[in-house]
Amino acid sequence: MLLVAGCSGSDGKSSGDSTPSGSSSAASSPSPTVAAAKFKKLPNPCEAFSKGTLDKLLPKVKDAAGTQGKSTDTTSRGACSWSSSDDQGVDGTQFRWLDVAFQRYDSDPTIGSGEKRATDFYTQQVNDAKATQGAKKVAAVPTAGTGDAATAISYDVSKEDNDFKNTTIVARTANIVVTVNYNGAGMAGADTPNGNDLLKAAQAAAKEAVTAATKANQG
């Protein structure tokens with residue numbers, strides 16, 4: 001800031017008014033602001049899917065209530081998982097696994113808006129799915145009509161002499177990220193499931209989970 005110096009008079013006193021060093025023009029700038037986060041709540045993750053969806057994806061589910069993941073803040077994160085083993089006798093067993101995770105972000109002036117933070121996490125989740133250890137035939141495609149953005153990642157993984165078909169759907173709706181994992185394998189001589197069938201089922205489930213997140217914030 002430019003200070004204006006006063007002229008010295010014959011009496012040695014300043015004839016001009018110097019600007020005080022603590023003038024209001026030197027006040028600090030106001031703190032930055034960000035848009036408020038759209039969603040404030042998360043659904044119960046174990047209630048994200050209808051009974052019909054669970055019956056379709058998990059023909060003989062072990063526990064339809066699901067296994068809820070531990071969370072220290074259920075308004076910010078939550079998860080639930082299910083598994084199914086369909087014993088087909090001499091034709092072996094069809095195994096299925098399904099899980100869903102919700103992650104919600106608040107707006108923070110020092111970090112960014114809830115939507116930006118969710119977008120960053122969405123990108124990270126997609127990249128992590130693509131980089132799954134041991135994954136083969138990795139393919140990623142957009143999933144329309146599922147939140148603001150959604151990507152489906154499909155890949156094959158071999159575990160304990162079983163060939164698993166895997167699908168991960170990552171979706172973002174405003175400041176919430178939904179991740180759905182659905183995989184299956186034919187065990188004890190059963191045929192390996194059709195990857196396209198698993199993909200379509202997972203995409204439908206992801207749409208349902210995103211809808212559950214929206215409904216949790218209505219009313």
# chains A, B, ... in the order shown; residues from 1 in each chain; ligands from 1
call {"tool": "residues_around", "arguments": {"residues": "Ala149 in chain A", "least_positions_apart": "5", "cutoff": "10 Å", "atoms": "only C-alpha atoms", "output": "ChimeraX atom specification"}}
result
/A:119,122,142-144,170-174,177
call {"tool": "write_last_selection", "arguments": {"atoms": "all heavy atoms", "output": "short mmCIF file (atom, residue, chain, number, x, y, z; two decimals), in the first residue's frame"}}
result
data_model
loop_
_atom_site.label_atom_id
_atom_site.label_comp_id
_atom_site.auth_asym_id
_atom_site.auth_seq_id
_atom_site.Cartn_x
_atom_site.Cartn_y
_atom_site.Cartn_z
N THR A 119 -16.99 -35.95 -6.50
CA THR A 119 -16.49 -36.21 -7.85
C THR A 119 -15.07 -36.76 -7.81
O THR A 119 -14.74 -37.70 -8.55
CB THR A 119 -16.52 -34.91 -8.68
OG1 THR A 119 -17.87 -34.44 -8.78
CG2 THR A 119 -15.97 -35.14 -10.08
N TYR A 122 -15.33 -40.32 -6.62
CA TYR A 122 -15.90 -41.13 -7.71
C TYR A 122 -14.80 -41.56 -8.68
O TYR A 122 -14.68 -42.73 -9.05
CB TYR A 122 -16.97 -40.31 -8.42
CG TYR A 122 -17.41 -40.84 -9.77
CD1 TYR A 122 -18.38 -41.84 -9.86
CD2 TYR A 122 -16.87 -40.33 -10.95
CE1 TYR A 122 -18.80 -42.31 -11.10
CE2 TYR A 122 -17.27 -40.80 -12.19
CZ TYR A 122 -18.24 -41.79 -12.25
OH TYR A 122 -18.64 -42.26 -13.49
N PRO A 142 -19.85 -46.39 -19.59
CA PRO A 142 -20.76 -45.50 -18.87
C PRO A 142 -22.08 -46.22 -18.59
O PRO A 142 -22.50 -47.10 -19.35
CB PRO A 142 -20.96 -44.34 -19.84
CG PRO A 142 -19.85 -44.44 -20.83
CD PRO A 142 -19.54 -45.90 -20.94
N THR A 143 -22.73 -45.84 -17.50
CA THR A 143 -24.04 -46.38 -17.16
C THR A 143 -25.03 -45.22 -17.11
O THR A 143 -24.96 -44.38 -16.22
CB THR A 143 -24.00 -47.11 -15.81
OG1 THR A 143 -23.17 -48.28 -15.93
CG2 THR A 143 -25.40 -47.54 -15.37
N ALA A 144 -25.92 -45.17 -18.09
CA ALA A 144 -26.84 -44.04 -18.21
C ALA A 144 -27.97 -44.12 -17.19
O ALA A 144 -28.33 -45.19 -16.70
CB ALA A 144 -27.42 -44.01 -19.62
N VAL A 170 -19.80 -47.70 -10.11
CA VAL A 170 -19.54 -46.51 -9.28
C VAL A 170 -20.43 -45.40 -9.82
O VAL A 170 -20.38 -45.08 -11.01
CB VAL A 170 -18.06 -46.08 -9.33
CG1 VAL A 170 -17.83 -44.92 -8.36
CG2 VAL A 170 -17.15 -47.25 -8.98
N ALA A 171 -21.25 -44.83 -8.94
CA ALA A 171 -22.18 -43.77 -9.36
C ALA A 171 -22.08 -42.59 -8.41
O ALA A 171 -21.81 -42.77 -7.22
CB ALA A 171 -23.61 -44.30 -9.40
N ARG A 172 -22.32 -41.40 -8.95
CA ARG A 172 -22.35 -40.20 -8.11
C ARG A 172 -23.66 -39.46 -8.33
O ARG A 172 -24.08 -39.24 -9.47
CB ARG A 172 -21.20 -39.25 -8.45
CG ARG A 172 -21.18 -37.98 -7.55
CD ARG A 172 -20.13 -36.99 -8.00
NE ARG A 172 -20.38 -36.42 -9.31
CZ ARG A 172 -21.25 -35.43 -9.55
NH1 ARG A 172 -21.96 -34.90 -8.56
NH2 ARG A 172 -21.41 -34.98 -10.79
N THR A 173 -24.30 -39.12 -7.23
CA THR A 173 -25.46 -38.25 -7.28
C THR A 173 -25.19 -37.09 -6.32
O THR A 173 -25.08 -37.29 -5.11
CB THR A 173 -26.77 -38.99 -6.90
OG1 THR A 173 -27.86 -38.06 -6.90
CG2 THR A 173 -26.68 -39.69 -5.57
N ALA A 174 -24.96 -35.90 -6.91
CA ALA A 174 -24.59 -34.71 -6.12
C ALA A 174 -23.38 -35.02 -5.26
O ALA A 174 -22.31 -35.33 -5.78
CB ALA A 174 -25.77 -34.21 -5.31
N VAL A 177 -21.51 -40.73 -3.27
CA VAL A 177 -20.97 -41.73 -4.19
C VAL A 177 -21.48 -43.10 -3.75
O VAL A 177 -21.40 -43.46 -2.58
CB VAL A 177 -19.43 -41.72 -4.21
CG1 VAL A 177 -18.90 -42.84 -5.10
CG2 VAL A 177 -18.91 -40.38 -4.71
#
call {"tool": "residues_around", "arguments": {"residues": "Gly69 in chain A", "least_positions_apart": "2", "cutoff": "12 Å", "atoms": "only C-alpha atoms", "output": "list in words"}}
result
Asn44, Pro45, Cys46, Gly66, Thr67, Ser71, Thr72, Asp73, Thr74, Arg77, Gly78, Ala79, Cys80, Ser81, Trp82, Asp99, Val100, Ala101 and Phe102 of chain A
call {"tool": "write_last_selection", "arguments": {"atoms": "all heavy atoms", "output": "tab-separated table (two decimals), in the first residue's frame"}}
result
chain	number	residue	atom	x	y	z
A	44	ASN	N	-30.30	-46.44	4.98
A	44	ASN	CA	-29.78	-47.65	5.62
A	44	ASN	C	-29.25	-48.53	4.48
A	44	ASN	O	-30.02	-48.94	3.61
A	44	ASN	CB	-30.90	-48.37	6.36
A	44	ASN	CG	-30.43	-49.64	7.05
A	44	ASN	OD1	-29.47	-50.28	6.62
A	44	ASN	ND2	-31.09	-50.01	8.12
A	45	PRO	N	-27.96	-48.82	4.43
A	45	PRO	CA	-27.42	-49.56	3.28
A	45	PRO	C	-28.03	-50.94	3.09
A	45	PRO	O	-28.13	-51.44	1.96
A	45	PRO	CB	-25.92	-49.63	3.58
A	45	PRO	CG	-25.82	-49.44	5.06
A	45	PRO	CD	-26.91	-48.50	5.41
A	46	CYS	N	-28.45	-51.56	4.20
A	46	CYS	CA	-29.04	-52.90	4.10
A	46	CYS	C	-30.48	-52.87	3.61
A	46	CYS	O	-31.10	-53.92	3.41
A	46	CYS	CB	-28.96	-53.61	5.45
A	46	CYS	SG	-27.26	-54.03	5.94
A	66	GLY	N	-28.88	-58.92	5.25
A	66	GLY	CA	-27.55	-58.43	4.93
A	66	GLY	C	-26.66	-58.28	6.15
A	66	GLY	O	-27.12	-58.36	7.30
A	67	THR	N	-25.39	-58.07	5.88
A	67	THR	CA	-24.41	-57.83	6.94
A	67	THR	C	-23.95	-56.39	6.84
A	67	THR	O	-23.30	-56.00	5.86
A	67	THR	CB	-23.19	-58.77	6.80
A	67	THR	OG1	-23.64	-60.12	6.87
A	67	THR	CG2	-22.18	-58.51	7.91
A	71	SER	N	-19.54	-48.43	10.95
A	71	SER	CA	-19.30	-47.04	10.59
A	71	SER	C	-19.40	-46.18	11.84
A	71	SER	O	-20.32	-46.34	12.65
A	71	SER	CB	-20.33	-46.56	9.56
A	71	SER	OG	-20.18	-45.18	9.30
A	72	THR	N	-18.44	-45.27	11.98
A	72	THR	CA	-18.46	-44.36	13.12
A	72	THR	C	-19.31	-43.12	12.84
A	72	THR	O	-19.58	-42.34	13.73
A	72	THR	CB	-17.03	-43.91	13.48
A	72	THR	OG1	-16.43	-43.30	12.32
A	72	THR	CG2	-16.18	-45.09	13.92
A	73	ASP	N	-19.74	-42.97	11.59
A	73	ASP	CA	-20.57	-41.83	11.21
A	73	ASP	C	-21.51	-42.27	10.11
A	73	ASP	O	-21.18	-42.22	8.93
A	73	ASP	CB	-19.70	-40.67	10.73
A	73	ASP	CG	-20.51	-39.43	10.37
A	73	ASP	OD1	-21.75	-39.47	10.51
A	73	ASP	OD2	-19.91	-38.42	9.95
A	74	THR	N	-22.71	-42.73	10.50
A	74	THR	CA	-23.65	-43.29	9.52
A	74	THR	C	-24.26	-42.24	8.60
A	74	THR	O	-24.91	-42.59	7.62
A	74	THR	CB	-24.78	-44.05	10.24
A	74	THR	OG1	-25.42	-43.17	11.18
A	74	THR	CG2	-24.23	-45.27	10.97
A	77	ARG	N	-21.03	-42.39	5.86
A	77	ARG	CA	-20.65	-43.62	5.17
A	77	ARG	C	-21.42	-44.81	5.72
A	77	ARG	O	-21.77	-44.85	6.90
A	77	ARG	CB	-19.15	-43.87	5.26
A	77	ARG	CG	-18.62	-44.07	6.67
A	77	ARG	CD	-17.09	-44.06	6.71
A	77	ARG	NE	-16.59	-42.77	6.30
A	77	ARG	CZ	-16.45	-41.75	7.16
A	77	ARG	NH1	-16.79	-41.88	8.44
A	77	ARG	NH2	-16.00	-40.58	6.74
A	78	GLY	N	-21.69	-45.76	4.85
A	78	GLY	CA	-22.38	-46.97	5.25
A	78	GLY	C	-22.23	-48.04	4.19
A	78	GLY	O	-22.03	-47.74	3.00
A	79	ALA	N	-22.31	-49.31	4.60
A	79	ALA	CA	-22.14	-50.41	3.66
A	79	ALA	C	-22.91	-51.63	4.13
A	79	ALA	O	-23.21	-51.78	5.33
A	79	ALA	CB	-20.65	-50.75	3.49
A	80	CYS	N	-23.22	-52.51	3.18
A	80	CYS	CA	-23.91	-53.75	3.51
A	80	CYS	C	-23.54	-54.79	2.46
A	80	CYS	O	-23.26	-54.44	1.30
A	80	CYS	CB	-25.43	-53.54	3.55
A	80	CYS	SG	-26.34	-54.91	4.34
A	81	SER	N	-23.53	-56.07	2.85
A	81	SER	CA	-23.16	-57.13	1.91
A	81	SER	C	-24.07	-58.36	2.09
A	81	SER	O	-24.64	-58.57	3.17
A	81	SER	CB	-21.70	-57.54	2.11
A	81	SER	OG	-21.48	-58.05	3.41
A	82	TRP	N	-24.18	-59.13	1.02
A	82	TRP	CA	-24.98	-60.34	0.99
A	82	TRP	C	-24.23	-61.40	0.18
A	82	TRP	O	-23.42	-61.08	-0.69
A	82	TRP	CB	-26.32	-60.12	0.30
A	82	TRP	CG	-27.22	-59.08	0.88
A	82	TRP	CD1	-28.30	-59.29	1.69
A	82	TRP	CD2	-27.16	-57.66	0.67
A	82	TRP	NE1	-28.91	-58.10	2.00
A	82	TRP	CE2	-28.24	-57.09	1.39
A	82	TRP	CE3	-26.32	-56.82	-0.05
A	82	TRP	CZ2	-28.47	-55.71	1.41
A	82	TRP	CZ3	-26.54	-55.46	-0.03
A	82	TRP	CH2	-27.61	-54.91	0.70
A	99	ASP	N	-22.50	-56.34	-2.72
A	99	ASP	CA	-22.34	-55.36	-1.64
A	99	ASP	C	-22.56	-53.96	-2.19
A	99	ASP	O	-22.45	-53.71	-3.39
A	99	ASP	CB	-20.97	-55.47	-0.94
A	99	ASP	CG	-19.79	-55.08	-1.80
A	99	ASP	OD1	-19.77	-53.94	-2.32
A	99	ASP	OD2	-18.86	-55.89	-1.96
A	100	VAL	N	-22.94	-53.06	-1.28
A	100	VAL	CA	-23.17	-51.67	-1.65
A	100	VAL	C	-22.53	-50.79	-0.58
A	100	VAL	O	-22.56	-51.12	0.61
A	100	VAL	CB	-24.68	-51.35	-1.78
A	100	VAL	CG1	-25.41	-51.59	-0.46
A	100	VAL	CG2	-24.90	-49.92	-2.27
A	101	ALA	N	-21.93	-49.69	-1.02
A	101	ALA	CA	-21.31	-48.73	-0.10
A	101	ALA	C	-21.74	-47.32	-0.49
A	101	ALA	O	-21.76	-46.98	-1.68
A	101	ALA	CB	-19.79	-48.86	-0.11
A	102	PHE	N	-22.07	-46.53	0.52
A	102	PHE	CA	-22.43	-45.12	0.32
A	102	PHE	C	-21.39	-44.24	0.99
A	102	PHE	O	-20.96	-44.52	2.12
A	102	PHE	CB	-23.79	-44.82	0.94
A	102	PHE	CG	-24.95	-45.51	0.29
A	102	PHE	CD1	-25.34	-46.78	0.71
A	102	PHE	CD2	-25.66	-44.91	-0.74
A	102	PHE	CE1	-26.41	-47.42	0.13
A	102	PHE	CE2	-26.74	-45.55	-1.33
A	102	PHE	CZ	-27.12	-46.82	-0.90
call {"tool": "residues_around", "arguments": {"residues": "Ala209 in chain A", "least_positions_apart": "5", "cutoff": "9 Å", "atoms": "only C-alpha atoms", "output": "PDB file with N, CA, C and O atoms, in the first residue's frame"}}
result
ATOM      1  N   PRO A  43     -29.148 -43.479   3.214  1.00  0.00           N
ATOM      2  CA  PRO A  43     -30.136 -44.515   3.541  1.00  0.00           C
ATOM      3  C   PRO A  43     -29.485 -45.611   4.373  1.00  0.00           C
ATOM      4  O   PRO A  43     -28.254 -45.694   4.458  1.00  0.00           O
ATOM      5  N   PRO A  45     -27.962 -48.822   4.425  1.00  0.00           N
ATOM      6  CA  PRO A  45     -27.416 -49.561   3.276  1.00  0.00           C
ATOM      7  C   PRO A  45     -28.028 -50.942   3.094  1.00  0.00           C
ATOM      8  O   PRO A  45     -28.128 -51.437   1.963  1.00  0.00           O
ATOM      9  N   GLU A  47     -31.012 -51.648   3.406  1.00  0.00           N
ATOM     10  CA  GLU A  47     -32.357 -51.491   2.856  1.00  0.00           C
ATOM     11  C   GLU A  47     -32.314 -50.795   1.497  1.00  0.00           C
ATOM     12  O   GLU A  47     -33.328 -50.290   1.010  1.00  0.00           O
ATOM     13  N   ALA A  48     -31.146 -50.802   0.866  1.00  0.00           N
ATOM     14  CA  ALA A  48     -30.983 -50.114  -0.418  1.00  0.00           C
ATOM     15  C   ALA A  48     -31.659 -50.848  -1.565  1.00  0.00           C
ATOM     16  O   ALA A  48     -32.015 -50.232  -2.578  1.00  0.00           O
ATOM     17  N   PHE A  49     -31.871 -52.166  -1.416  1.00  0.00           N
ATOM     18  CA  PHE A  49     -32.447 -52.971  -2.487  1.00  0.00           C
ATOM     19  C   PHE A  49     -33.778 -53.584  -2.059  1.00  0.00           C
ATOM     20  O   PHE A  49     -33.955 -53.962  -0.896  1.00  0.00           O
ATOM     21  N   VAL A 100     -22.939 -53.064  -1.285  1.00  0.00           N
ATOM     22  CA  VAL A 100     -23.166 -51.668  -1.646  1.00  0.00           C
ATOM     23  C   VAL A 100     -22.530 -50.789  -0.579  1.00  0.00           C
ATOM     24  O   VAL A 100     -22.557 -51.116   0.611  1.00  0.00           O
ATOM     25  N   PHE A 102     -22.068 -46.530   0.516  1.00  0.00           N
ATOM     26  CA  PHE A 102     -22.427 -45.124   0.318  1.00  0.00           C
ATOM     27  C   PHE A 102     -21.386 -44.244   0.990  1.00  0.00           C
ATOM     28  O   PHE A 102     -20.959 -44.523   2.116  1.00  0.00           O
ATOM     29  N   VAL A 178     -22.029 -43.848  -4.708  1.00  0.00           N
ATOM     30  CA  VAL A 178     -22.540 -45.194  -4.451  1.00  0.00           C
ATOM     31  C   VAL A 178     -21.673 -46.187  -5.222  1.00  0.00           C
ATOM     32  O   VAL A 178     -21.440 -46.011  -6.417  1.00  0.00           O
ATOM     33  N   THR A 179     -21.196 -47.217  -4.526  1.00  0.00           N
ATOM     34  CA  THR A 179     -20.389 -48.254  -5.169  1.00  0.00           C
ATOM     35  C   THR A 179     -21.056 -49.604  -4.952  1.00  0.00           C
ATOM     36  O   THR A 179     -21.303 -50.000  -3.811  1.00  0.00           O
ATOM     37  N   VAL A 180     -21.360 -50.287  -6.037  1.00  0.00           N
ATOM     38  CA  VAL A 180     -21.986 -51.608  -5.979  1.00  0.00           C
ATOM     39  C   VAL A 180     -21.030 -52.627  -6.576  1.00  0.00           C
ATOM     40  O   VAL A 180     -20.526 -52.441  -7.687  1.00  0.00           O
ATOM     41  N   ALA A 204     -28.782 -52.364 -12.830  1.00  0.00           N
ATOM     42  CA  ALA A 204     -30.123 -52.126 -12.311  1.00  0.00           C
ATOM     43  C   ALA A 204     -30.093 -51.916 -10.799  1.00  0.00           C
ATOM     44  O   ALA A 204     -30.798 -51.051 -10.260  1.00  0.00           O
ATOM     45  N   THR A 214     -31.432 -40.748  -2.810  1.00  0.00           N
ATOM     46  CA  THR A 214     -32.269 -39.549  -3.048  1.00  0.00           C
ATOM     47  C   THR A 214     -33.473 -39.538  -2.114  1.00  0.00           C
ATOM     48  O   THR A 214     -33.791 -38.519  -1.504  1.00  0.00           O
TER      49      THR A 214
END
call {"tool": "closest_residue", "arguments": {"among": "A:Leu98, A:Val126, A:Ile111, A:Ala201", "to": "Ala150 in chain A", "atoms": "only C-alpha atoms"}}
result
A:Val126
call {"tool": "select_by_dssp", "arguments": {"residues": "range 68-176 of chain A", "states": "strand (DSSP E or B)", "output": "PyMOL selection string"}}
result
chain A and resi 68+77-87+93-104+108+112+136-142+149-159+162-173+176
call {"tool": "residues_around", "arguments": {"residues": "Asp163 in chain A", "least_positions_apart": "3", "cutoff": "12 Å", "atoms": "only C-alpha atoms", "output": "PyMOL selection string"}}
result
chain A and resi 94-95+134-136+155-160+166+183-195
call {"tool": "select_by_dssp", "arguments": {"residues": "range 59-144 of chain A", "states": "alpha helix (DSSP H)", "output": "list in words"}}
result
Gly114, Glu115, Lys116, Arg117, Ala118, Thr119, Asp120, Phe121, Tyr122, Thr123, Gln124, Gln125, Val126, Asn127, Asp128, Ala129 and Lys130 of chain A
call {"tool": "write_last_selection", "arguments": {"atoms": "N, CA and C atoms", "output": "PDB file, in the first residue's frame"}}
result
ATOM      1  N   GLY A 114     -19.124 -30.158  -1.466  1.00  0.00           N
ATOM      2  CA  GLY A 114     -19.411 -31.576  -1.300  1.00  0.00           C
ATOM      3  C   GLY A 114     -19.447 -32.289  -2.634  1.00  0.00           C
ATOM      4  N   GLU A 115     -19.971 -31.610  -3.650  1.00  0.00           N
ATOM      5  CA  GLU A 115     -20.063 -32.217  -4.974  1.00  0.00           C
ATOM      6  C   GLU A 115     -18.677 -32.420  -5.587  1.00  0.00           C
ATOM      7  N   LYS A 116     -17.783 -31.463  -5.415  1.00  0.00           N
ATOM      8  CA  LYS A 116     -16.422 -31.613  -5.940  1.00  0.00           C
ATOM      9  C   LYS A 116     -15.688 -32.750  -5.236  1.00  0.00           C
ATOM     10  N   ARG A 117     -15.845 -32.805  -3.922  1.00  0.00           N
ATOM     11  CA  ARG A 117     -15.174 -33.861  -3.153  1.00  0.00           C
ATOM     12  C   ARG A 117     -15.711 -35.238  -3.565  1.00  0.00           C
ATOM     13  N   ALA A 118     -17.024 -35.315  -3.794  1.00  0.00           N
ATOM     14  CA  ALA A 118     -17.621 -36.574  -4.235  1.00  0.00           C
ATOM     15  C   ALA A 118     -17.138 -36.946  -5.628  1.00  0.00           C
ATOM     16  N   THR A 119     -16.988 -35.948  -6.497  1.00  0.00           N
ATOM     17  CA  THR A 119     -16.489 -36.206  -7.850  1.00  0.00           C
ATOM     18  C   THR A 119     -15.074 -36.763  -7.813  1.00  0.00           C
ATOM     19  N   ASP A 120     -14.245 -36.218  -6.949  1.00  0.00           N
ATOM     20  CA  ASP A 120     -12.872 -36.713  -6.805  1.00  0.00           C
ATOM     21  C   ASP A 120     -12.869 -38.166  -6.319  1.00  0.00           C
ATOM     22  N   PHE A 121     -13.742 -38.468  -5.348  1.00  0.00           N
ATOM     23  CA  PHE A 121     -13.807 -39.833  -4.811  1.00  0.00           C
ATOM     24  C   PHE A 121     -14.366 -40.790  -5.859  1.00  0.00           C
ATOM     25  N   TYR A 122     -15.335 -40.325  -6.617  1.00  0.00           N
ATOM     26  CA  TYR A 122     -15.899 -41.128  -7.709  1.00  0.00           C
ATOM     27  C   TYR A 122     -14.795 -41.556  -8.681  1.00  0.00           C
ATOM     28  N   THR A 123     -13.974 -40.607  -9.092  1.00  0.00           N
ATOM     29  CA  THR A 123     -12.868 -40.901 -10.006  1.00  0.00           C
ATOM     30  C   THR A 123     -11.899 -41.904  -9.396  1.00  0.00           C
ATOM     31  N   GLN A 124     -11.622 -41.727  -8.107  1.00  0.00           N
ATOM     32  CA  GLN A 124     -10.712 -42.639  -7.406  1.00  0.00           C
ATOM     33  C   GLN A 124     -11.279 -44.061  -7.367  1.00  0.00           C
ATOM     34  N   GLN A 125     -12.571 -44.174  -7.092  1.00  0.00           N
ATOM     35  CA  GLN A 125     -13.205 -45.496  -7.022  1.00  0.00           C
ATOM     36  C   GLN A 125     -13.184 -46.207  -8.375  1.00  0.00           C
ATOM     37  N   VAL A 126     -13.416 -45.464  -9.437  1.00  0.00           N
ATOM     38  CA  VAL A 126     -13.365 -46.048 -10.778  1.00  0.00           C
ATOM     39  C   VAL A 126     -11.957 -46.553 -11.078  1.00  0.00           C
ATOM     40  N   ASN A 127     -10.961 -45.738 -10.781  1.00  0.00           N
ATOM     41  CA  ASN A 127      -9.574 -46.133 -11.036  1.00  0.00           C
ATOM     42  C   ASN A 127      -9.160 -47.331 -10.185  1.00  0.00           C
ATOM     43  N   ASP A 128      -9.622 -47.364  -8.937  1.00  0.00           N
ATOM     44  CA  ASP A 128      -9.295 -48.493  -8.061  1.00  0.00           C
ATOM     45  C   ASP A 128      -9.901 -49.791  -8.597  1.00  0.00           C
ATOM     46  N   ALA A 129     -11.126 -49.720  -9.102  1.00  0.00           N
ATOM     47  CA  ALA A 129     -11.770 -50.913  -9.648  1.00  0.00           C
ATOM     48  C   ALA A 129     -11.019 -51.418 -10.877  1.00  0.00           C
ATOM     49  N   LYS A 130     -10.598 -50.503 -11.721  1.00  0.00           N
ATOM     50  CA  LYS A 130      -9.842 -50.886 -12.913  1.00  0.00           C
ATOM     51  C   LYS A 130      -8.514 -51.542 -12.554  1.00  0.00           C
TER      52      LYS A 130
END
call {"tool": "closest_residue", "arguments": {"among": "A:Lys41, A:Lys137, A:Lys70, A:Lys165", "to": "Asn181 in chain A", "atoms": "only C-alpha atoms"}}
result
A:Lys165
call {"tool": "closest_residue", "arguments": {"among": "A:Asn175, A:Thr93, A:Gln133, A:Asn196", "to": "Ser154 in chain A", "atoms": "only C-alpha atoms"}}
result
A:Asn196
call {"tool": "closest_residue", "arguments": {"among": "A:Ile153, A:Leu54, A:Ile176, A:Ala36", "to": "Val210 in chain A", "atoms": "only C-alpha atoms"}}
result
A:Ile176
call {"tool": "atom_distance", "arguments": {"atom1": "CA of Ala140 in chain A", "atom2": "CA of Ala64 in chain A"}}
result
29.5 Å
call {"tool": "residues_around", "arguments": {"residues": "Thr53 in chain A", "least_positions_apart": "2", "cutoff": "10 Å", "atoms": "only C-alpha atoms", "output": "PyMOL selection string"}}
result
chain A and resi 48-51+55-59+201-202+204-205+208
